[in-house]
$ cat model.cif   # mmCIF, C-alpha atoms
data_model
#
loop_
_atom_site.label_atom_id
_atom_site.label_comp_id
_atom_site.auth_asym_id
_atom_site.auth_seq_id
_atom_site.Cartn_x
_atom_site.Cartn_y
_atom_site.Cartn_z
CA MET A 1 -287.02 -70.19 -46.24
CA THR A 2 -286.41 -67.92 -49.19
CA ASN A 3 -283.54 -65.48 -49.49
CA PHE A 4 -286.03 -62.62 -49.28
CA LYS A 5 -287.35 -63.82 -45.90
CA LYS A 6 -283.82 -64.43 -44.59
CA ASN A 7 -282.75 -60.92 -45.62
CA ALA A 8 -285.86 -59.42 -44.03
CA LEU A 9 -285.14 -61.22 -40.73
CA VAL A 10 -281.50 -60.10 -40.72
CA THR A 11 -282.57 -56.51 -41.45
CA LEU A 12 -285.18 -56.53 -38.67
CA ALA A 13 -282.69 -58.03 -36.19
CA GLY A 14 -280.11 -55.37 -37.08
CA LEU A 15 -282.70 -52.62 -36.75
CA GLY A 16 -283.67 -53.91 -33.31
CA MET A 17 -280.03 -53.83 -32.17
CA VAL A 18 -279.60 -50.27 -33.42
CA MET A 19 -282.80 -49.16 -31.70
CA SER A 20 -281.78 -50.81 -28.41
CA ALA A 21 -278.33 -49.18 -28.65
CA GLY A 22 -280.06 -45.81 -28.98
CA ALA A 23 -282.21 -46.56 -25.94
CA TYR A 24 -279.10 -47.69 -24.05
CA ALA A 25 -277.29 -44.44 -24.87
CA ALA A 26 -280.27 -42.36 -23.78
CA THR A 27 -280.42 -43.93 -20.31
CA ASN A 28 -276.76 -44.58 -19.51
CA ALA A 29 -273.81 -42.25 -19.02
CA GLN A 30 -270.29 -43.07 -20.10
CA ALA A 31 -266.88 -42.28 -18.62
CA THR A 32 -263.36 -43.00 -19.79
CA LEU A 33 -260.87 -44.05 -17.13
CA VAL A 34 -257.20 -43.57 -17.98
CA TRP A 35 -253.89 -44.45 -16.42
CA SER A 36 -250.80 -42.70 -17.68
CA GLY A 37 -247.12 -42.59 -16.89
CA THR A 38 -243.65 -41.52 -17.86
CA VAL A 39 -240.71 -43.86 -17.68
CA PRO A 40 -238.90 -42.67 -14.56
CA GLY A 41 -235.17 -42.75 -14.28
CA ALA A 42 -231.96 -41.11 -13.25
CA LEU A 43 -228.59 -40.55 -14.86
CA ALA A 44 -225.64 -41.06 -12.54
CA SER A 45 -222.48 -39.01 -12.47
CA ASP A 46 -219.09 -40.53 -11.68
CA SER A 47 -219.58 -39.52 -8.03
CA VAL A 48 -223.35 -39.47 -7.27
CA VAL A 49 -226.35 -41.73 -7.94
CA ILE A 50 -229.90 -40.54 -7.28
CA THR A 51 -232.28 -43.27 -6.12
CA GLY A 52 -235.72 -43.53 -4.65
CA LEU A 53 -236.40 -44.26 -0.99
CA ASN A 54 -234.04 -46.81 0.61
CA GLY A 55 -231.69 -46.86 -2.39
CA ILE A 56 -234.26 -48.33 -4.78
CA GLY A 57 -233.32 -47.22 -8.28
CA ASP A 58 -236.74 -47.25 -9.89
CA ALA A 59 -238.89 -45.77 -7.12
CA PHE A 60 -239.62 -42.49 -8.90
CA LEU A 61 -243.35 -42.94 -9.44
CA GLY A 62 -246.00 -40.91 -7.64
CA SER A 63 -249.70 -40.40 -8.16
CA ILE A 64 -251.96 -37.56 -9.22
CA SER A 65 -255.70 -37.41 -8.52
CA PRO A 66 -256.88 -34.27 -10.32
CA SER A 67 -260.10 -32.44 -9.54
CA THR A 68 -262.59 -31.80 -12.35
CA ASP A 69 -261.08 -28.32 -12.79
CA GLY A 70 -257.58 -29.77 -13.37
CA THR A 71 -256.12 -28.77 -10.00
CA PHE A 72 -254.15 -31.31 -7.99
CA VAL A 73 -251.44 -31.90 -5.43
CA SER A 74 -249.38 -35.00 -6.16
CA SER A 75 -248.14 -37.59 -3.75
CA ILE A 76 -244.62 -37.13 -2.39
CA ILE A 77 -241.71 -38.94 -4.02
CA THR A 78 -238.53 -39.36 -2.00
CA ALA A 79 -235.21 -39.03 -3.82
CA GLU A 80 -231.90 -39.92 -2.19
CA SER A 81 -228.32 -39.13 -3.15
CA HIS A 82 -225.76 -41.91 -2.80
CA THR A 83 -222.10 -42.18 -3.60
CA ASN A 84 -221.49 -43.86 -6.93
CA ASP A 85 -219.15 -46.77 -6.22
CA GLY A 86 -219.03 -47.47 -9.96
CA ASP A 87 -218.95 -44.88 -12.72
CA ALA A 88 -221.47 -42.92 -14.79
CA THR A 89 -221.99 -45.73 -17.30
CA THR A 90 -222.19 -48.59 -14.75
CA PRO A 91 -223.33 -46.98 -11.50
CA VAL A 92 -223.19 -48.84 -8.21
CA VAL A 93 -225.29 -47.42 -5.37
CA GLY A 94 -223.11 -46.68 -2.36
CA ALA A 95 -223.73 -44.94 0.96
CA LEU A 96 -226.04 -41.97 1.43
CA VAL A 97 -224.18 -38.70 0.87
CA ALA A 98 -225.15 -35.07 1.54
CA THR A 99 -225.46 -33.11 -1.71
CA ASN A 100 -226.79 -29.81 -3.01
CA TRP A 101 -230.18 -30.24 -4.71
CA THR A 102 -231.43 -27.91 -7.47
CA LEU A 103 -234.83 -27.91 -9.21
CA VAL A 104 -234.02 -27.92 -12.93
CA SER A 105 -237.53 -28.16 -14.39
CA ALA A 106 -241.18 -28.71 -13.44
CA ASP A 107 -243.86 -29.46 -16.00
CA VAL A 108 -247.56 -30.34 -16.04
CA ALA A 109 -249.33 -31.50 -19.18
CA TYR A 110 -252.91 -32.39 -20.08
CA ASP A 111 -252.94 -34.96 -22.89
CA GLY A 112 -249.28 -34.15 -23.49
CA VAL A 113 -249.79 -30.38 -23.85
CA ALA A 114 -249.00 -27.67 -21.31
CA ASN A 115 -251.96 -25.43 -20.51
CA PRO A 116 -250.78 -21.80 -20.41
CA ALA A 117 -253.30 -20.98 -17.65
CA ALA A 118 -251.86 -23.66 -15.33
CA THR A 119 -249.82 -22.69 -12.27
CA VAL A 120 -247.19 -25.31 -11.50
CA GLU A 121 -245.79 -25.40 -7.97
CA VAL A 122 -243.11 -27.71 -6.55
CA GLN A 123 -242.44 -28.37 -2.89
CA ILE A 124 -239.28 -29.95 -1.58
CA ASN A 125 -239.42 -31.10 2.02
CA GLY A 126 -242.66 -29.13 2.40
CA ALA A 127 -241.27 -25.77 1.23
CA PRO A 128 -242.00 -24.14 -2.16
CA VAL A 129 -239.08 -24.15 -4.58
CA ALA A 130 -238.84 -22.41 -7.95
CA VAL A 131 -236.92 -23.63 -10.99
CA GLY A 132 -233.38 -22.28 -10.84
CA ASP A 133 -233.48 -21.31 -7.16
CA PRO A 134 -230.17 -21.69 -5.37
CA ALA A 135 -229.47 -25.27 -4.38
CA LEU A 136 -230.90 -26.81 -1.24
CA PRO A 137 -227.63 -27.53 0.56
CA GLY A 138 -226.38 -30.58 2.39
CA LEU A 139 -229.30 -33.00 2.14
CA GLU A 140 -229.07 -36.79 1.71
CA SER A 141 -232.72 -37.06 0.68
CA VAL A 142 -235.61 -34.85 -0.40
CA GLY A 143 -239.39 -35.32 -0.49
CA VAL A 144 -240.78 -33.79 -3.68
CA SER A 145 -244.35 -33.02 -4.74
CA ILE A 146 -245.82 -31.11 -7.68
CA ALA A 147 -249.14 -29.26 -7.82
CA GLN A 148 -251.27 -27.40 -10.32
CA THR A 149 -253.22 -24.75 -8.39
CA THR A 150 -255.19 -22.70 -10.93
CA PRO A 151 -258.71 -23.93 -11.75
CA LEU A 152 -258.93 -24.53 -15.50
CA ASP A 153 -261.93 -24.55 -17.81
CA GLU A 154 -263.42 -28.03 -17.44
CA ALA A 155 -264.09 -28.12 -21.19
CA ASP A 156 -260.31 -27.93 -21.72
CA VAL A 157 -259.32 -30.64 -19.22
CA ALA A 158 -262.26 -33.06 -18.86
CA GLY A 159 -261.08 -36.56 -19.67
CA ALA A 160 -257.47 -35.43 -20.22
CA LYS A 161 -254.49 -37.49 -19.08
CA VAL A 162 -252.60 -35.41 -16.50
CA GLN A 163 -248.89 -35.80 -16.02
CA GLY A 164 -246.44 -33.92 -13.82
CA SER A 165 -242.68 -34.22 -13.99
CA VAL A 166 -239.83 -32.72 -12.03
CA THR A 167 -236.12 -32.83 -12.86
CA LEU A 168 -233.63 -32.49 -10.00
CA LEU A 169 -229.88 -32.03 -10.00
CA SER A 170 -227.84 -33.43 -7.12
CA SER A 171 -224.19 -32.39 -6.81
CA LEU A 172 -221.54 -33.04 -4.20
CA ILE A 173 -220.91 -30.27 -1.73
#

$ encode --input "model.cif" --output "structure tokens"
Amino acid sequence: MTNFKKNALVTLAGLGMVMSAGAYAATNAQATLVWSGTVPGALASDSVVITGLNGIGDAFLGSISPSTDGTFVSSIITAESHTNDGDATTPVVGALVATNWTLVSADVAYDGVANPAATVEVQINGAPVAVGDPALPGLESVGVSIAQTTPLDEADVAGAKVQGSVTLLSSLI
């Protein structure tokens, strides 16, 4: 077979693949599925260690299933306060201890950027709490959820990675 015939066959085969790709795109939809996360963690003080449920140190992960308009209510994450039987640099989880809990920050981002139209709400033990509110006194553990309650323009949030984060402060009474 001559080089001309070989080149013609390769060209025709490539053209057929391009044409079938166009037909494929015309009859099939596409979606991008994404999982996202932030490295959870806690910094101990010399007297208190915050853990997840049952004293588990790395149980700070919840889930978000946003609607197409960007609204969601997250799952509940339980945080516990324990005595620190070590120190701040080498914490050792001790017994549960009643502490004062304060919401330090609450953030929601779509592809890493806060949407100014979003309304972020946090609930602790089923009650709404605002950043900087007086501490919730005398609790060994708290159940925390975050929500975004304002419908957003779907063009702004479609396909975006959604992430919510809450920072809590736990201090001895």

$ atom_distance --input "model.cif" --atom1 "CA of Gly62 (chain A)" --atom2 "CA of Ala114 (chain A)"
19.3 Å

$ resolve_selection --input "model.cif" --expression "the PyMOL selection byres ((chain A and resi 111) around 10)" --output "list of chain:residue names"
A:Ser36, A:Val108, A:Ala109, A:Tyr110, A:Gly112, A:Val113, A:Ala114, A:Asn115, A:Val157, A:Gly159, A:Ala160, A:Lys161, A:Val162, A:Gln163

$ closest_residue --input "model.cif" --among "A:Gln148, A:Gln123, A:Ser45, A:Ser74" --to "Thr102 (chain A)" --atoms "only C-alpha atoms"
A:Gln123

$ resolve_selection --input "model.cif" --expression "the PyMOL selection byres ((chain A and resi 147) around 10)" --output "VMD selection string"
chain A and resid 64 66 71 to 75 106 to 108 118 to 123 145 to 146 148 to 150 164

$ closest_residue --input "model.cif" --among "A:Ile77, A:Leu61, A:Ala88, A:Ala135" --to "Leu43 (chain A)" --atoms "all atoms listed in the file"
A:Ala88

$ atom_distance --input "model.cif" --atom1 "CA of Asp133 (chain A)" --atom2 "CA of Pro151 (chain A)"
25.8 Å

$ resolve_selection --input "model.cif" --expression "the PyMOL selection byres ((chain A and resi 54) around 10)" --output "number ranges by chain"
A: 51-53, 55-57, 59, 78-80, 96, 141

$ closest_residue --input "model.cif" --among "A:Gly86, A:Gly126, A:Gly132, A:Gly94" --to "Val144 (chain A)" --atoms "all atoms listed in the file"
A:Gly126

$ closest_residue --input "model.cif" --among "A:Ser171, A:Ser47, A:Ser165, A:Asn125" --to "Thr89 (chain A)" --atoms "all atoms listed in the file"
A:Ser47

$ closest_residue --input "model.cif" --among "A:Leu169, A:Val129, A:Ala42, A:Leu103" --to "Phe60 (chain A)" --atoms "all atoms listed in the file"
A:Ala42

$ build_atoms --input "model.cif" --residues "region 45-77 of chain A" --atoms "N, CA and C atoms" --output "tab-separated table (two decimals), in the frame of the given file"
chain	number	residue	atom	x	y	z
A	45	SER	N	-223.77	-39.61	-12.13
A	45	SER	CA	-222.48	-39.01	-12.47
A	45	SER	C	-221.41	-39.99	-11.99
A	46	ASP	N	-220.16	-39.64	-12.17
A	46	ASP	CA	-219.09	-40.53	-11.68
A	46	ASP	C	-219.05	-40.57	-10.16
A	47	SER	N	-219.67	-39.58	-9.49
A	47	SER	CA	-219.58	-39.52	-8.03
A	47	SER	C	-220.90	-39.69	-7.29
A	48	VAL	N	-222.05	-39.44	-7.96
A	48	VAL	CA	-223.35	-39.47	-7.27
A	48	VAL	C	-224.37	-40.26	-8.09
A	49	VAL	N	-225.21	-41.03	-7.36
A	49	VAL	CA	-226.35	-41.73	-7.94
A	49	VAL	C	-227.59	-41.27	-7.19
A	50	ILE	N	-228.63	-40.89	-7.92
A	50	ILE	CA	-229.90	-40.54	-7.28
A	50	ILE	C	-230.79	-41.78	-7.34
A	51	THR	N	-231.36	-42.13	-6.19
A	51	THR	CA	-232.28	-43.27	-6.12
A	51	THR	C	-233.59	-42.82	-5.49
A	52	GLY	N	-234.52	-43.75	-5.43
A	52	GLY	CA	-235.72	-43.53	-4.65
A	52	GLY	C	-235.45	-43.89	-3.20
A	53	LEU	N	-236.49	-43.94	-2.42
A	53	LEU	CA	-236.40	-44.26	-0.99
A	53	LEU	C	-235.69	-45.59	-0.77
A	54	ASN	N	-234.80	-45.61	0.21
A	54	ASN	CA	-234.04	-46.81	0.61
A	54	ASN	C	-233.14	-47.35	-0.50
A	55	GLY	N	-232.65	-46.46	-1.36
A	55	GLY	CA	-231.69	-46.86	-2.39
A	55	GLY	C	-232.29	-47.60	-3.57
A	56	ILE	N	-233.61	-47.62	-3.68
A	56	ILE	CA	-234.26	-48.33	-4.78
A	56	ILE	C	-234.20	-47.46	-6.03
A	57	GLY	N	-233.59	-47.99	-7.08
A	57	GLY	CA	-233.32	-47.22	-8.28
A	57	GLY	C	-234.53	-46.81	-9.09
A	58	ASP	N	-235.61	-47.56	-9.03
A	58	ASP	CA	-236.74	-47.25	-9.89
A	58	ASP	C	-237.98	-46.79	-9.12
A	59	ALA	N	-237.77	-46.20	-7.96
A	59	ALA	CA	-238.89	-45.77	-7.12
A	59	ALA	C	-239.22	-44.29	-7.33
A	60	PHE	N	-239.36	-43.89	-8.58
A	60	PHE	CA	-239.62	-42.49	-8.90
A	60	PHE	C	-241.04	-42.25	-9.38
A	61	LEU	N	-241.97	-43.10	-8.99
A	61	LEU	CA	-243.35	-42.94	-9.44
A	61	LEU	C	-244.24	-42.45	-8.31
A	62	GLY	N	-245.02	-41.41	-8.59
A	62	GLY	CA	-246.00	-40.91	-7.64
A	62	GLY	C	-247.37	-40.96	-8.28
A	63	SER	N	-248.35	-40.37	-7.61
A	63	SER	CA	-249.70	-40.40	-8.16
A	63	SER	C	-250.30	-39.00	-8.16
A	64	ILE	N	-251.22	-38.81	-9.08
A	64	ILE	CA	-251.96	-37.56	-9.22
A	64	ILE	C	-253.44	-37.92	-9.29
A	65	SER	N	-254.25	-37.25	-8.47
A	65	SER	CA	-255.70	-37.41	-8.52
A	65	SER	C	-256.30	-36.03	-8.76
A	66	PRO	N	-256.42	-35.63	-10.03
A	66	PRO	CA	-256.88	-34.27	-10.32
A	66	PRO	C	-258.36	-34.07	-10.04
A	67	SER	N	-258.70	-32.85	-9.68
A	67	SER	CA	-260.10	-32.44	-9.54
A	67	SER	C	-260.65	-32.18	-10.94
A	68	THR	N	-261.96	-32.02	-11.04
A	68	THR	CA	-262.59	-31.80	-12.35
A	68	THR	C	-262.12	-30.51	-13.01
A	69	ASP	N	-261.59	-29.57	-12.21
A	69	ASP	CA	-261.08	-28.32	-12.79
A	69	ASP	C	-259.59	-28.38	-13.10
A	70	GLY	N	-258.98	-29.59	-13.01
A	70	GLY	CA	-257.58	-29.77	-13.37
A	70	GLY	C	-256.59	-29.47	-12.28
A	71	THR	N	-257.06	-29.03	-11.10
A	71	THR	CA	-256.12	-28.77	-10.00
A	71	THR	C	-255.76	-30.08	-9.31
A	72	PHE	N	-254.57	-30.13	-8.73
A	72	PHE	CA	-254.15	-31.31	-7.99
A	72	PHE	C	-252.93	-30.99	-7.14
A	73	VAL	N	-252.69	-31.84	-6.16
A	73	VAL	CA	-251.44	-31.90	-5.43
A	73	VAL	C	-251.03	-33.36	-5.49
A	74	SER	N	-249.84	-33.63	-5.98
A	74	SER	CA	-249.38	-35.00	-6.16
A	74	SER	C	-248.99	-35.63	-4.83
A	75	SER	N	-248.75	-36.92	-4.88
A	75	SER	CA	-248.14	-37.59	-3.75
A	75	SER	C	-246.67	-37.15	-3.67
A	76	ILE	N	-246.03	-37.48	-2.58
A	76	ILE	CA	-244.62	-37.13	-2.39
A	76	ILE	C	-243.74	-38.29	-2.84
A	77	ILE	N	-242.72	-37.96	-3.61
A	77	ILE	CA	-241.71	-38.94	-4.02
A	77	ILE	C	-240.42	-38.59	-3.29
